[in-house]
Each structure stands twice: as C-alpha cells, then as structure tokens.
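As structure tokens, the structure follows; a few thoughts come after it.
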Amino acid sequence: MNCHQIRVRFAPSPTGPLHIGGVRTALYNYLFAKQSGGKLILRIEDTDSQRFVPGAEEYIIEAFKWLNIPFDEGVGIGGPFGPYRQSERKEIYKEYVRLLLDKGAAYIAFDTPAELDAKRKETANFQYDASTRMQMRNSLTLPVDEVRRLIDAGTHYVVRIRIEPNEEVHVHDLIRGDVVINSSVLDDKVLYKSADELPTYHLANIVDDHLMEITHVIRGEEWLPSAPLHVLLYRAFGWEDTMPQFAHLPLLLKPEGGGKLSKRDGDRLGFPVFPLEWKDPKSGEVSSGYRESGYLPEAVVNFLALLGWNPGDNQEIMSMKELVERFDLSRCSKSGAKFDFEKGKWFNHQYIQLKSNAEIASLFIPILESHGIKADPAYVEKVVGMIKERVSFVGELWEQCSFFFVAPAEYDEKTRKKRWKEDSAAQLGELIEVLRSRTPFDLEGTEAEVKAWIEQNGYHLGNIMNAVRLALVGEGKGPHIFDITEAIGKEETIRRIQRAIDLLK
Ligand code: GLU
C-alpha cells in the first residue's frame, strides 16, 4: 500500500456537458480522497482540439459547485502541480516523448492517413504492431538520415509506443482484481502528433498522473481497455514503483438494463442525464439538467453514490459526511448499475422532507413571485410545512398549495357535482355566522366549535366539510380543512365560502 497521502484526480475532457456517469466518477473520487484526508484534483484533458467544445470547462466547474463537491487543486483553483489544463502543458509532454524515443520505447512514424487506409484495405484486421511495423514507414525501417531529413522538411509524423508482443500484462484493479491480457492484442498506439505538437490522451494522462503524484486512478469502466497500455507506459518510463492503483467503476446502464445509459434514454423516458442544463453552442439544442429540473444537490449526490456501491446494510439516506465515512471501493460492484431514475425522484422527495421548512420556503418564494405573489416568508414556511410531504419537487408545490395564496378562480366540475349538495348553500350560509363570531380563529377552537354546531343541527359532517373544501380550494384536495382556515384567516375563509354560495347555489 502506498504510504503517501492519497491523491486522486477527476480528469474530464471538455467535449460537451458532463454526463451524469462522470459526476458519479468524480463523486467516488471525492469520497475516497476525503475518507483518508487525501486530495482531489481537477485536471482538464483538452489535448484533442478537434473535440473541444467552448463552455464545457466552465460547465464542469459550475456543476461541481452546485453539487458541493469541492476540489483541492486544479483548474480554477491552482495548486503546486499546475498548470492543470493539459493544453498548457505542451512543453512538458514533449520532454517525455523525447525520453521514450531515447529509450527506444517509442518510435517515429510517417505513414500518412492515406497510406494507413490502403494498408487497412489490403490486410484484414490490420493492426500497427510488432507483426506489421517493419512493413511501414517509420524510424525502425527508414535510415537515420532519412528520418532526420523528413523531420527537417516539416513532414508530419506521429510517435508510437513500441509494444513487445506475447507478454502478459497485469492490471491490478481494486474492484475487478487481476485483469490479464496478452500484449499482442495491443497496437502501437499514437502518443504524440507533430501536426499540432500535442500528445494523445494516453501519454498526457500517464505523464500527468505521474507528475501530479496520483496514487489512485478511479474512473469509468470504459477506460479499462486502455489500462494495459497505461501499465506498459509506466513500465516504459521506469515508473512502476509509483504507478497508481486502478479502480474501474461499473457502467451506468439504461433503466431497463441492457446497454449503456445514453442521452437518448433520458429524452425517451423524460429524465436528465446531465447535472445542469446545457445549451449546445453549435446546434442551440437544450438538454435538461438535474438542477433546472428541481433536484436538490444532496439528493443527486446520495442517489449517484448508490449506483454501483452500497454500504452493505439497508441504509439509503446518507449525508455527504456519512458517505465519506462509509464509502468503500471494495464494495463497488463489477457489473453495471441500472439507472433507476424513479429512485432519483424518491431521493428528492426524501431530501425535501429532511430540509427545514424555511429552506424549502426560500426555494419556493421565487416560484410564488413568478405567479405574482409576494407573501410573508413566515406564512410560506407554514404552508410548506403542511404541503411538502405531498411533493417530490419544489416545483410541484404551487400546484399543491396555490389556494393558500389565491382564492380558487373556478370550481372543479367533477368535485362540484359530487360534493355540492342541494342544501350546501343554506348550510354554509349558517356556517358563516358561526365562523364570524369565532375568536380566536385558531385550528382546534374553530374545529371544535364547527363540529359542535354540526352535531347540534344533525347535519352531515362529511357533506359540510366537502362543500367547505370545494369553496376554499376549488377542488377536492388539500390538507385538513381547519389547517387551511387557520392559515388563510377568518376574513378570507368567510369571503371564499360566501363566493361559493353565490356562484354555486
Ligand atoms: N479524459 C478522460 C475522460 O474524459 C480521462 C479518463 C481517465 O480518468 O483516465 O474521462
């Protein structure tokens, strides 16, 4: 085991909005680092200029701010191992490419894309490797002065790793155990391109993990096929002793299983696959985000934490602090995790209940304002306390409790037919008199007095209450009647009942 401080990194490529699977990867890195007081680094892997998307880096940073997953070092923060944006480390990579060339662990290749295509056509399953490299135009086959001449003439070239065939390559994975492959299946991957003077992902990734003293590489399963090459690169550099430990996380699968979760699944089933809303700078297409869909960041974190890991008991609701304490890479599953978005909604419901009424009220007030309502925060808090149990999203509150803020504009036809009886108008007329003389207009007192009046007159409790509910709410829903009357007050209660009598009799 490494006795140094744990250092992990999240290393996204800014090629678009961050997929929710990437968020989970970052979260697991965070939990793992924090449980041992280690460091989490944000490194931006932007060496593929073809795939660079403006705004993606800012999006990533904003997403983790919203989720409360702070980085210790990295882009936007700084730190002793910077710069943390790979496009600013060009000169560093050149040095290491040279090192590999000098060691004979890599070579220069001049084959043009057209030549490679021709070769692929000619040879089925062509792979640039030990079995074919001597037929190609590279520094292993061309005379030294020819290589020099081509480079001096500005001919584009790439640098390839030289992989020795028929060797067992072991990747020790903390989740999957020992993964062994034969080096013959690997090709001599491109590490560097002279055309843009940039390294490829593989080289930059390994050099930076080494220089940034990364102890553990925790990333998605889709990177597992690259891991043997990475092990060979560590070996080529002579860095085996400080090679990080690998942990490849299980894939996030479609809700119904069978295949990787994609943006299209989200569109098809109506759930976001991105943390924040994203507007594609080219097409203008907007993809929904968890934040804009009304999820609380704590709920998203808790939901994601359990997609591929479980604490071993049945506990589901865990704060970030508990997640940090309990997270365990060895309890991560090898097989994919179905993306159960209904469970995500359930988590949001739970977190709304856990939050104080004041916090939920502060999220609800802007929604009220958008409906033209300026309400006293203490009143909003009280209403939220009565209603939040019924919602999974703050955005659903209005639908559930608008009647606390505005009188019903109309009465639901079905409810009216069922609940407004022949004698409702007359009885509610009498009820108004009872209410008018009632002070204080408190919950228990008013309820007791109204019930006594109903009993004295031999009225039907259910019928009266249903008609009152229709008058106050406009339909058959809502909390306890006397919670509503106490909240909206005597004047408003009487006004609404009178209005129903006038309109419905
Ligand atoms: N840049 C890679 C990505 O976009 C990093 C993979 C890794 O963590 O090594 O995920």
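Labels used: A, B, ... for chains in the order of the structure tokens, numbers from 1 for residues in each chain, and numbers from 1 for ligands as shown.
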Checklist entry - What lies within 7 Å of A:Lys193 using only C-alpha atoms, ignoring chain neighbours under 6 positions off, as a PyMOL selection string? => result chain A and resi 157-159+199
Per residue of stretch 9-98 of chain A within 12 Å of stretch 255-262 of chain A, record the nearest atom pair and its distance in Å to one decimal, counting only C-alpha atoms, with rows in chain order and ascending residue number, as a tab-separated table.
```
residue	atom	partner	partner_atom	distance
A:His19	CA	A:Ser262	CA	8.7
A:Ile20	CA	A:Leu261	CA	9.4
A:Gly21	CA	A:Leu261	CA	8.6
A:Gly22	CA	A:Leu261	CA	11.9
```
Next on the checklist: Neighbouring residues of ligand 1 are defined here as those with any atom at most 9 Å from a ligand atom, counting only C-alpha atoms and all ligand atoms; list them as number ranges by chain.
Outcome noted: A: 9-15, 22, 25, 43-46, 201-202, 205-206, 209, 217-220, 222-223, 226-227
Checklist entry - Using only C-alpha atoms, which residue out of A:Ala337, A:Val406, A:Ile69, A:Ile432 lies closest to A:Leu472? => result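 Looking only at the distances to A:Leu472, the closest residue turns out to be A:Val406.
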Checklist entry - Of the candidates A:Leu304, A:Val171, A:Val384, A:Leu296, which shows the shortest atom-to-atom distance to A:Leu323, using only C-alpha atoms? => result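 Counting only C-alpha atoms, the residue closest to A:Leu323 is A:Leu304.
Among the candidates A:Ile488, A:Cys332, A:Ile454, A:Ala33, the one nearest to A:Ile6 when counting only C-alpha atoms is A:Ala33.
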Item to check | Long-range neighbours of A:Ala358 as a ChimeraX atom specification, 8 Å cut-off, only C-alpha atoms, 3 positions minimum in chain | outcome: /A:361-362,381
Within 10 Å of stretch 83-98 of chain A, which residues of stretch 149-245 of chain A come that close, and what is the closest atom pair and distance in Å for each? Count only C-alpha atoms and give it as a Markdown table.
```
| residue | atom | partner | partner_atom | distance |
| --- | --- | --- | --- | --- |
| A:Val159 | CA | A:Val97 | CA | 7.7 |
| A:Arg160 | CA | A:Val97 | CA | 9.5 |
| A:Ile161 | CA | A:Val97 | CA | 9.7 |
| A:Leu191 | CA | A:Val97 | CA | 7.7 |
| A:Tyr192 | CA | A:Val97 | CA | 7.3 |
| A:Ser194 | CA | A:Lys94 | CA | 9.9 |
| A:Asp196 | CA | A:Lys90 | CA | 10.0 |
| A:Glu197 | CA | A:Lys90 | CA | 7.3 |
| A:Leu198 | CA | A:Lys90 | CA | 6.3 |
| A:Pro199 | CA | A:Tyr93 | CA | 6.6 |
| A:Thr200 | CA | A:Tyr93 | CA | 9.8 |
| A:Tyr201 | CA | A:Gln86 | CA | 9.6 |
| A:Leu203 | CA | A:Tyr93 | CA | 7.7 |
| A:Ala204 | CA | A:Tyr93 | CA | 6.6 |
| A:Asn205 | CA | A:Gln86 | CA | 8.9 |
| A:Val207 | CA | A:Tyr93 | CA | 7.2 |
| A:Asp208 | CA | A:Gln86 | CA | 8.5 |
| A:Leu211 | CA | A:Ile92 | CA | 10.0 |
| A:Met212 | CA | A:Tyr84 | CA | 9.2 |
| A:Phe237 | CA | A:Tyr96 | CA | 8.5 |
```
Convert the current residue selection to file output with N, CA, C and O atoms, as an mmCIF file, in the first residue's frame.
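After the write, again_31.cif holds the following:
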```
data_model
loop_
_atom_site.group_PDB
_atom_site.id
_atom_site.type_symbol
_atom_site.label_atom_id
_atom_site.label_comp_id
_atom_site.auth_asym_id
_atom_site.auth_seq_id
_atom_site.Cartn_x
_atom_site.Cartn_y
_atom_site.Cartn_z
ATOM 1 N N VAL A 159 4.361 9.815 -32.986
ATOM 2 C CA VAL A 159 5.225 8.954 -32.186
ATOM 3 C C VAL A 159 4.354 7.825 -31.654
ATOM 4 O O VAL A 159 3.260 8.076 -31.127
ATOM 5 N N ARG A 160 4.824 6.605 -31.856
ATOM 6 C CA ARG A 160 4.061 5.434 -31.396
ATOM 7 C C ARG A 160 4.830 4.703 -30.316
ATOM 8 O O ARG A 160 6.058 4.612 -30.360
ATOM 9 N N ILE A 161 4.074 4.122 -29.396
ATOM 10 C CA ILE A 161 4.713 3.272 -28.394
ATOM 11 C C ILE A 161 5.114 1.964 -29.080
ATOM 12 O O ILE A 161 4.420 1.484 -29.978
ATOM 13 N N LEU A 191 1.183 8.289 -29.472
ATOM 14 C CA LEU A 191 1.350 9.024 -28.218
ATOM 15 C C LEU A 191 1.455 10.538 -28.435
ATOM 16 O O LEU A 191 1.220 11.319 -27.524
ATOM 17 N N TYR A 192 1.833 10.881 -29.676
ATOM 18 C CA TYR A 192 2.122 12.299 -29.942
ATOM 19 C C TYR A 192 1.959 12.572 -31.423
ATOM 20 O O TYR A 192 2.264 11.709 -32.246
ATOM 21 N N SER A 194 2.959 15.380 -34.408
ATOM 22 C CA SER A 194 3.746 16.598 -34.676
ATOM 23 C C SER A 194 2.864 17.687 -35.273
ATOM 24 O O SER A 194 3.157 18.866 -35.130
ATOM 25 N N ASP A 196 -0.010 18.983 -34.518
ATOM 26 C CA ASP A 196 -0.465 20.009 -33.571
ATOM 27 C C ASP A 196 0.438 20.085 -32.337
ATOM 28 O O ASP A 196 0.111 20.768 -31.369
ATOM 29 N N GLU A 197 1.540 19.354 -32.403
ATOM 30 C CA GLU A 197 2.513 19.334 -31.290
ATOM 31 C C GLU A 197 1.861 18.927 -29.980
ATOM 32 O O GLU A 197 2.246 19.396 -28.913
ATOM 33 N N LEU A 198 0.855 18.069 -30.085
ATOM 34 C CA LEU A 198 0.147 17.672 -28.870
ATOM 35 C C LEU A 198 0.224 16.166 -28.650
ATOM 36 O O LEU A 198 0.240 15.387 -29.601
ATOM 37 N N PRO A 199 0.270 15.791 -27.371
ATOM 38 C CA PRO A 199 0.254 14.374 -27.052
ATOM 39 C C PRO A 199 -1.173 13.846 -27.209
ATOM 40 O O PRO A 199 -2.126 14.619 -27.243
ATOM 41 N N THR A 200 -1.344 12.547 -27.271
ATOM 42 C CA THR A 200 -2.690 11.983 -27.225
ATOM 43 C C THR A 200 -3.062 11.788 -25.751
ATOM 44 O O THR A 200 -2.225 11.941 -24.846
ATOM 45 N N TYR A 201 -4.314 11.421 -25.563
ATOM 46 C CA TYR A 201 -4.824 11.179 -24.216
ATOM 47 C C TYR A 201 -3.904 10.290 -23.391
ATOM 48 O O TYR A 201 -3.572 10.604 -22.244
ATOM 49 N N LEU A 203 -0.671 9.437 -23.466
ATOM 50 C CA LEU A 203 0.603 9.949 -22.960
ATOM 51 C C LEU A 203 0.379 11.038 -21.911
ATOM 52 O O LEU A 203 0.962 11.017 -20.828
ATOM 53 N N ALA A 204 -0.482 11.995 -22.246
ATOM 54 C CA ALA A 204 -0.698 13.122 -21.337
ATOM 55 C C ALA A 204 -1.234 12.617 -19.992
ATOM 56 O O ALA A 204 -0.814 13.067 -18.922
ATOM 57 N N ASN A 205 -2.135 11.668 -20.067
ATOM 58 C CA ASN A 205 -2.766 11.115 -18.867
ATOM 59 C C ASN A 205 -1.731 10.468 -17.938
ATOM 60 O O ASN A 205 -1.718 10.721 -16.729
ATOM 61 N N VAL A 207 1.673 10.810 -18.019
ATOM 62 C CA VAL A 207 2.694 11.771 -17.570
ATOM 63 C C VAL A 207 2.134 12.618 -16.422
ATOM 64 O O VAL A 207 2.788 12.819 -15.400
ATOM 65 N N ASP A 208 0.903 13.061 -16.590
ATOM 66 C CA ASP A 208 0.329 13.921 -15.551
ATOM 67 C C ASP A 208 0.025 13.156 -14.264
ATOM 68 O O ASP A 208 0.241 13.667 -13.169
ATOM 69 N N LEU A 211 3.417 12.983 -12.680
ATOM 70 C CA LEU A 211 3.943 14.254 -12.159
ATOM 71 C C LEU A 211 3.074 14.818 -11.035
ATOM 72 O O LEU A 211 3.570 15.480 -10.132
ATOM 73 N N MET A 212 1.798 14.557 -11.104
ATOM 74 C CA MET A 212 0.890 15.094 -10.075
ATOM 75 C C MET A 212 0.795 14.152 -8.875
ATOM 76 O O MET A 212 -0.039 14.344 -7.988
ATOM 77 N N PHE A 237 8.511 4.152 -18.960
ATOM 78 C CA PHE A 237 9.144 5.307 -18.305
ATOM 79 C C PHE A 237 10.002 4.879 -17.110
ATOM 80 O O PHE A 237 10.788 5.666 -16.608
#
```
Checklist entry - Do you know which residues are at most 10 Å from A:Pro408 counting only C-alpha atoms, after dropping those on the same chain fewer than 5 positions away, and could you put them as a list in words? => result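 Returned residues: Ser402, Phe403, Leu470, Ala471, Leu472, Val473, Gly474, Glu475, Arg496, Arg499 and Ala500 of chain A.
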Pull N, CA, C and O atoms from the residues just selected and write them as a PDB file, in the first residue's frame.
```
ATOM      1  N   SER A 402     -51.496  26.405  -4.178  1.00  0.00           N
ATOM      2  CA  SER A 402     -51.758  27.771  -4.640  1.00  0.00           C
ATOM      3  C   SER A 402     -52.930  28.403  -3.876  1.00  0.00           C
ATOM      4  O   SER A 402     -52.956  29.613  -3.658  1.00  0.00           O
ATOM      5  N   PHE A 403     -53.889  27.579  -3.426  1.00  0.00           N
ATOM      6  CA  PHE A 403     -55.078  28.115  -2.745  1.00  0.00           C
ATOM      7  C   PHE A 403     -54.759  28.777  -1.411  1.00  0.00           C
ATOM      8  O   PHE A 403     -55.588  29.468  -0.845  1.00  0.00           O
ATOM      9  N   LEU A 470     -64.466  22.524  -1.173  1.00  0.00           N
ATOM     10  CA  LEU A 470     -64.687  22.997  -2.545  1.00  0.00           C
ATOM     11  C   LEU A 470     -64.622  24.531  -2.580  1.00  0.00           C
ATOM     12  O   LEU A 470     -64.020  25.130  -3.475  1.00  0.00           O
ATOM     13  N   ALA A 471     -65.226  25.168  -1.560  1.00  0.00           N
ATOM     14  CA  ALA A 471     -65.249  26.639  -1.508  1.00  0.00           C
ATOM     15  C   ALA A 471     -63.846  27.212  -1.289  1.00  0.00           C
ATOM     16  O   ALA A 471     -63.465  28.205  -1.900  1.00  0.00           O
ATOM     17  N   LEU A 472     -63.067  26.555  -0.451  1.00  0.00           N
ATOM     18  CA  LEU A 472     -61.756  27.111  -0.092  1.00  0.00           C
ATOM     19  C   LEU A 472     -60.683  26.796  -1.120  1.00  0.00           C
ATOM     20  O   LEU A 472     -59.805  27.607  -1.390  1.00  0.00           O
ATOM     21  N   VAL A 473     -60.743  25.562  -1.662  1.00  0.00           N
ATOM     22  CA  VAL A 473     -59.656  25.075  -2.515  1.00  0.00           C
ATOM     23  C   VAL A 473     -60.040  25.084  -3.998  1.00  0.00           C
ATOM     24  O   VAL A 473     -59.186  25.217  -4.869  1.00  0.00           O
ATOM     25  N   GLY A 474     -61.335  24.915  -4.266  1.00  0.00           N
ATOM     26  CA  GLY A 474     -61.783  24.857  -5.653  1.00  0.00           C
ATOM     27  C   GLY A 474     -61.851  23.442  -6.185  1.00  0.00           C
ATOM     28  O   GLY A 474     -62.337  23.190  -7.266  1.00  0.00           O
ATOM     29  N   GLU A 475     -61.328  22.509  -5.392  1.00  0.00           N
ATOM     30  CA  GLU A 475     -61.418  21.091  -5.759  1.00  0.00           C
ATOM     31  C   GLU A 475     -61.334  20.237  -4.488  1.00  0.00           C
ATOM     32  O   GLU A 475     -61.403  20.767  -3.390  1.00  0.00           O
ATOM     33  N   ARG A 496     -64.441  33.357   0.874  1.00  0.00           N
ATOM     34  CA  ARG A 496     -64.457  32.250  -0.100  1.00  0.00           C
ATOM     35  C   ARG A 496     -65.750  31.433   0.013  1.00  0.00           C
ATOM     36  O   ARG A 496     -66.299  30.986  -0.993  1.00  0.00           O
ATOM     37  N   ARG A 499     -68.515  33.384  -1.568  1.00  0.00           N
ATOM     38  CA  ARG A 499     -68.388  33.405  -3.025  1.00  0.00           C
ATOM     39  C   ARG A 499     -68.914  32.087  -3.618  1.00  0.00           C
ATOM     40  O   ARG A 499     -69.612  32.090  -4.633  1.00  0.00           O
ATOM     41  N   ALA A 500     -68.589  30.973  -2.945  1.00  0.00           N
ATOM     42  CA  ALA A 500     -69.073  29.679  -3.438  1.00  0.00           C
ATOM     43  C   ALA A 500     -70.598  29.638  -3.373  1.00  0.00           C
ATOM     44  O   ALA A 500     -71.259  29.165  -4.307  1.00  0.00           O
TER      45      ALA A 500
END
```
Item to check | Within 12 Å of A:Gly38 using only C-alpha atoms, minus same-chain residues under 5 positions, as a list in words | outcome: Cys3, His4, Gln5, Ile6, Arg7, Val8, Arg9, Asn29, Tyr30, Leu31, Phe32, Ala33, Phe71, Asp72, Glu73, Glu213, Ile214, Thr215, His216 and Val324 of chain A
Go ahead and dump the residues you just picked, N, CA and C atoms, as a CSV table (one decimal), in the first residue's frame.
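The result, stored in result_0.csv:
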```
chain,number,residue,atom,x,y,z
A,3,CYS,N,2.2,4.6,1.2
A,3,CYS,CA,2.1,5.2,2.5
A,3,CYS,C,2.0,6.8,2.4
A,4,HIS,N,2.1,7.3,1.2
A,4,HIS,CA,1.9,8.7,1.0
A,4,HIS,C,0.5,9.1,1.1
A,5,GLN,N,0.3,10.4,1.1
A,5,GLN,CA,-1.1,10.9,1.1
A,5,GLN,C,-1.8,10.5,-0.1
A,6,ILE,N,-3.1,10.1,0.0
A,6,ILE,CA,-3.9,9.8,-1.1
A,6,ILE,C,-4.1,11.0,-2.0
A,7,ARG,N,-3.9,10.8,-3.3
A,7,ARG,CA,-4.1,11.9,-4.3
A,7,ARG,C,-4.9,11.3,-5.5
A,8,VAL,N,-6.1,11.8,-5.7
A,8,VAL,CA,-6.8,11.2,-6.8
A,8,VAL,C,-7.2,12.4,-7.7
A,9,ARG,N,-7.6,12.1,-8.9
A,9,ARG,CA,-8.0,13.2,-9.9
A,9,ARG,C,-9.2,12.8,-10.6
A,29,ASN,N,-14.4,9.6,-6.5
A,29,ASN,CA,-13.0,10.0,-6.2
A,29,ASN,C,-13.0,10.9,-4.9
A,30,TYR,N,-14.0,11.8,-4.9
A,30,TYR,CA,-14.1,12.7,-3.7
A,30,TYR,C,-14.2,11.9,-2.4
A,31,LEU,N,-15.2,11.0,-2.4
A,31,LEU,CA,-15.5,10.2,-1.2
A,31,LEU,C,-14.2,9.4,-0.8
A,32,PHE,N,-13.5,8.9,-1.8
A,32,PHE,CA,-12.3,8.1,-1.5
A,32,PHE,C,-11.2,8.9,-0.9
A,33,ALA,N,-11.0,10.1,-1.5
A,33,ALA,CA,-10.0,11.0,-1.0
A,33,ALA,C,-10.3,11.5,0.4
A,71,PHE,N,-13.0,20.7,-5.1
A,71,PHE,CA,-11.6,20.1,-5.5
A,71,PHE,C,-10.6,20.8,-4.6
A,72,ASP,N,-9.5,20.1,-4.4
A,72,ASP,CA,-8.4,20.7,-3.6
A,72,ASP,C,-7.4,21.4,-4.5
A,73,GLU,N,-7.2,20.9,-5.7
A,73,GLU,CA,-6.3,21.5,-6.6
A,73,GLU,C,-6.9,21.4,-8.0
A,213,GLU,N,1.6,13.1,-8.9
A,213,GLU,CA,1.7,12.2,-7.8
A,213,GLU,C,0.4,11.5,-7.4
A,214,ILE,N,-0.3,11.1,-8.5
A,214,ILE,CA,-1.6,10.5,-8.3
A,214,ILE,C,-1.4,9.1,-7.7
A,215,THR,N,-2.2,8.7,-6.7
A,215,THR,CA,-2.0,7.4,-6.1
A,215,THR,C,-3.0,6.4,-6.5
A,216,HIS,N,-4.2,6.9,-6.9
A,216,HIS,CA,-5.3,6.0,-7.3
A,216,HIS,C,-6.0,6.6,-8.5
A,324,VAL,N,-18.8,9.8,3.0
A,324,VAL,CA,-17.3,9.8,3.1
A,324,VAL,C,-16.9,8.7,4.1
```
Next on the checklist: So that I can check the surroundings of A:Leu443, please list as a list of chain:residue names every protein, DNA and RNA residue that reaches within 9 Å of it, counting only C-alpha atoms and ignoring chain neighbours fewer than 6 positions away.
Outcome noted: A:Phe482, A:Asp483, A:Ile484, A:Thr485, A:Glu486, A:Ala487
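Atom to atom, atom CA of A:Arg176 and atom CA of A:Ile60 stand 28.5 Å apart.
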Checklist entry - Mind checking DSSP for stretch 344-504 of chain A and telling me the helix (DSSP H, G or I) residues as a ChimeraX atom specification? => result /A:344-354,357-370,377-390,394-404,413-419,424-436,443-457,461-473,481-504
Next on the checklist: I'd like the contact shell of A:Val394 - 12 Å cut-off, only C-alpha atoms, skipping same-chain residues fewer than 4 positions apart - returned as a ChimeraX atom specification.
Outcome noted: /A:291-296,345,348-349,351-353,355,357,359-368,384,387-390,398-401
Go ahead and dump the residues you just picked, C-alpha atoms, as a PDB file, in the first residue's frame.
```pdb
ATOM      1  CA  ARG A 291     -30.562  21.454 -11.183  1.00  0.00           C
ATOM      2  CA  GLU A 292     -33.120  23.017 -13.504  1.00  0.00           C
ATOM      3  CA  SER A 293     -35.453  20.049 -13.077  1.00  0.00           C
ATOM      4  CA  GLY A 294     -35.755  20.889  -9.402  1.00  0.00           C
ATOM      5  CA  TYR A 295     -33.487  18.320  -7.817  1.00  0.00           C
ATOM      6  CA  LEU A 296     -31.664  19.173  -4.621  1.00  0.00           C
ATOM      7  CA  LYS A 345     -37.210  11.145  -7.577  1.00  0.00           C
ATOM      8  CA  ASN A 348     -35.516  14.079  -3.907  1.00  0.00           C
ATOM      9  CA  HIS A 349     -38.783  13.531  -2.051  1.00  0.00           C
ATOM     10  CA  TYR A 351     -34.481  15.275   0.936  1.00  0.00           C
ATOM     11  CA  ILE A 352     -37.357  17.732   0.686  1.00  0.00           C
ATOM     12  CA  GLN A 353     -38.763  16.196   3.873  1.00  0.00           C
ATOM     13  CA  LYS A 355     -34.834  20.056   4.761  1.00  0.00           C
ATOM     14  CA  ASN A 357     -39.439  24.391   6.073  1.00  0.00           C
ATOM     15  CA  GLU A 359     -35.062  26.244   3.390  1.00  0.00           C
ATOM     16  CA  ILE A 360     -37.814  24.881   1.178  1.00  0.00           C
ATOM     17  CA  ALA A 361     -39.725  28.147   1.558  1.00  0.00           C
ATOM     18  CA  SER A 362     -36.712  30.096   0.315  1.00  0.00           C
ATOM     19  CA  LEU A 363     -36.679  27.915  -2.817  1.00  0.00           C
ATOM     20  CA  PHE A 364     -40.429  28.294  -3.241  1.00  0.00           C
ATOM     21  CA  ILE A 365     -40.624  32.086  -2.836  1.00  0.00           C
ATOM     22  CA  PRO A 366     -39.195  32.814  -6.320  1.00  0.00           C
ATOM     23  CA  ILE A 367     -41.846  30.493  -7.786  1.00  0.00           C
ATOM     24  CA  LEU A 368     -44.556  32.358  -5.875  1.00  0.00           C
ATOM     25  CA  VAL A 384     -44.629  24.457   3.111  1.00  0.00           C
ATOM     26  CA  ILE A 387     -47.691  20.505   1.983  1.00  0.00           C
ATOM     27  CA  LYS A 388     -44.128  19.319   1.419  1.00  0.00           C
ATOM     28  CA  GLU A 389     -44.959  15.739   2.319  1.00  0.00           C
ATOM     29  CA  ARG A 390     -47.019  15.600  -0.891  1.00  0.00           C
ATOM     30  CA  TRP A 398     -47.555  25.579  -6.419  1.00  0.00           C
ATOM     31  CA  GLU A 399     -49.917  23.037  -7.903  1.00  0.00           C
ATOM     32  CA  GLN A 400     -50.492  21.606  -4.425  1.00  0.00           C
ATOM     33  CA  CYS A 401     -50.916  24.794  -2.436  1.00  0.00           C
TER      34      CYS A 401
END
```
